[in-house]
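See structure below.
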Amino acid sequence: MASTSSATFPLSKLDLPVSYTRTRTKISRTSSIPSHLSLSKRYAVFYPTSKLSVSKSNGFAINSRLSDYSIDDPTKENGPQVEVKTCMWNWRGYSIRYQYSGNSGPALVLVHGFGANSDHWRKNIPVLAQSHRVFSIDLIGYGYSDKPNPREFGVNSFYTFETWATQLNDFCIDVVKDEAFFICNSIGGVVGLQAAVMERQICKGIVILNISLRMLHIKKQPWYGRPLIRSFQSLLRNTALGNFFYRTVSTPESVKSILCQCYHDTSQVTDELVQTILLPGLEPGAVDVFLEFICYSEGPLPEELLPQVKCPVLVAWGDKDPWEPIELGRAYGNFDSVEDFIVLPNVGHCPQDEAPHLVNPLVESFVARHATPKASFPTKAI
């Protein structure tokens with residue numbers, strides 16, 4: 001395996017592949033569940049009130065999940081709780097949050113989309129962990145991972161798919177310590193494909209859910225519109241307009257409105273989901289990451305990566321996605337690496353959260369078909 005020290009971005013901190021776990025308090029089961037904490041008809045999350053980090057935004061109480069928690073699957077009578085552990089991993093001097101559950105079976109790494117975090121997989125982890133080792137990671141710049149200021153890197157872009165792909169591959173080496181299946185949503189799908197291209201022996205297969213089409217990519221813009229788009233991006237990134245714009249979208253009301261656009265079943269847009277997405281975005285540095293990415297019009301396209309991928313790929317698409325139209329997404333089913341294109345009826349942009357009853361069995365069957373052991377797994381030299 002090629003050394004990951006040849007990453008395309010500068011490292012301002014120590015490159016130490018160290019993993020550590022913060023002390024967490026296990027959450028015990030309670031006798032009654034407040035209705036506002038119910039995730040769905042199938043899963044319920046129990047938060048330890050004394051361990052919640054609470055902040056206020058426009059009168060809303062926002063709770064962050066920074067502790068271990070336990071989840072019941074009510075479909076199994078008297079079944080054991082599934083414990084989901086929350087840990088921090090030191091990646092090149094940056095703190096990266098991840099969650100994990102499950103003690104046996106193939107390894108799965110769940111990769112979130114733009115503006116989301118590992119909690120967006122809260123309806124998938126407990127089910128998949130019953131027969132898999134499940135890891136859900138906050139990409140650097142998102143969730144409760146560190147958010148280094150992109151201006152610290154000068155002309156070198158930091159928040160790129162190459163950065164996140166390197167992070168994902170290093171995570172498999174340092175933390176998972178095994179090859180893994182990547183389960184990805186939206187821009188996370190581009191991250192997963194890029195990682196599989198960069199280090200082919202790590203990824204066993206990829207499930208991509210409503211992958212980002214990257215319609216603002218420079219190659220997809222008409223030539224006459226490129227100067228205008230670049231001028232607008234520069235205005236957002238280099239003037240107070242960008243911060244003003246971010247403040248308008250980083251409120252509970254705005255986040256809920258945005259989620260109701262991309263979720264077909266808007267009943268799934270709960271206050272708990274709004275808090276899950278919003279709170280990390282209120283942390284220092286989040287605005288700079290947001291503006292940096294919406295001005296990122298270069299890097300790989302899915303259609304450029306798919307021909308290079310050597311592992312099997314399953315593409316699933318919610319057919320009511322208003323942001324990534326299925327009519328355009330169907331073309332990805334024609335690539336040799338894609339074994340199937342699955343339509344998820346009446347589902348929007350985030351199928352794993354809106355329709356876990358469709359996504360979880362899809363993931364389980366895909367992994368079962370391709371979970372064959374390999375002779376060895378690479379280790380990274382220190």
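Quick note on naming: the chains in the structure tokens go A, B, ... in the order shown, residues restart at 1 in each chain, and ligands are numbered from 1 in order of appearance.
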
Check which residues of region 238-349 of chain A sit at most 12 Å from region 193-207 of chain A using only C-alpha atoms, and return one row each with the closest pair of atoms and their distance in Å to one decimal, ordered by chain and rising number, as JSON lines.
```
{"residue": "A:Gly299", "atom": "CA", "partner": "A:Gln194", "partner_atom": "CA", "distance": 10.0}
{"residue": "A:Pro300", "atom": "CA", "partner": "A:Gln194", "partner_atom": "CA", "distance": 7.8}
{"residue": "A:Leu301", "atom": "CA", "partner": "A:Gln194", "partner_atom": "CA", "distance": 9.4}
{"residue": "A:Pro302", "atom": "CA", "partner": "A:Leu193", "partner_atom": "CA", "distance": 7.5}
{"residue": "A:Glu303", "atom": "CA", "partner": "A:Leu193", "partner_atom": "CA", "distance": 10.1}
{"residue": "A:Glu304", "atom": "CA", "partner": "A:Leu193", "partner_atom": "CA", "distance": 9.8}
{"residue": "A:Leu305", "atom": "CA", "partner": "A:Leu193", "partner_atom": "CA", "distance": 6.3}
{"residue": "A:Leu306", "atom": "CA", "partner": "A:Leu193", "partner_atom": "CA", "distance": 7.0}
{"residue": "A:Pro307", "atom": "CA", "partner": "A:Val197", "partner_atom": "CA", "distance": 9.6}
{"residue": "A:Gln308", "atom": "CA", "partner": "A:Val197", "partner_atom": "CA", "distance": 6.2}
{"residue": "A:Val309", "atom": "CA", "partner": "A:Val197", "partner_atom": "CA", "distance": 5.5}
{"residue": "A:Lys310", "atom": "CA", "partner": "A:Arg200", "partner_atom": "CA", "distance": 7.0}
{"residue": "A:Cys311", "atom": "CA", "partner": "A:Gly205", "partner_atom": "CA", "distance": 5.1}
{"residue": "A:Pro312", "atom": "CA", "partner": "A:Gly205", "partner_atom": "CA", "distance": 4.9}
{"residue": "A:Val313", "atom": "CA", "partner": "A:Ile206", "partner_atom": "CA", "distance": 4.8}
{"residue": "A:Leu314", "atom": "CA", "partner": "A:Val207", "partner_atom": "CA", "distance": 4.8}
{"residue": "A:Val315", "atom": "CA", "partner": "A:Val207", "partner_atom": "CA", "distance": 6.0}
{"residue": "A:Ala316", "atom": "CA", "partner": "A:Val207", "partner_atom": "CA", "distance": 7.4}
{"residue": "A:Trp317", "atom": "CA", "partner": "A:Val207", "partner_atom": "CA", "distance": 10.6}
{"residue": "A:Ser337", "atom": "CA", "partner": "A:Gly205", "partner_atom": "CA", "distance": 9.9}
{"residue": "A:Val338", "atom": "CA", "partner": "A:Ile206", "partner_atom": "CA", "distance": 9.3}
{"residue": "A:Glu339", "atom": "CA", "partner": "A:Val207", "partner_atom": "CA", "distance": 10.4}
{"residue": "A:Asp340", "atom": "CA", "partner": "A:Val207", "partner_atom": "CA", "distance": 10.1}
{"residue": "A:Phe341", "atom": "CA", "partner": "A:Val207", "partner_atom": "CA", "distance": 10.2}
{"residue": "A:Ile342", "atom": "CA", "partner": "A:Val207", "partner_atom": "CA", "distance": 10.5}
```

- [ ] From a DSSP calculation on the backbone, collect every residue of region 116-335 of chain A in alpha helix (DSSP H) and output the set as a ChimeraX atom specification.
- [x] /A:125-128,161-171,187-198,226-238,240-249,252-262,271-281,286-294,302-305,326-329
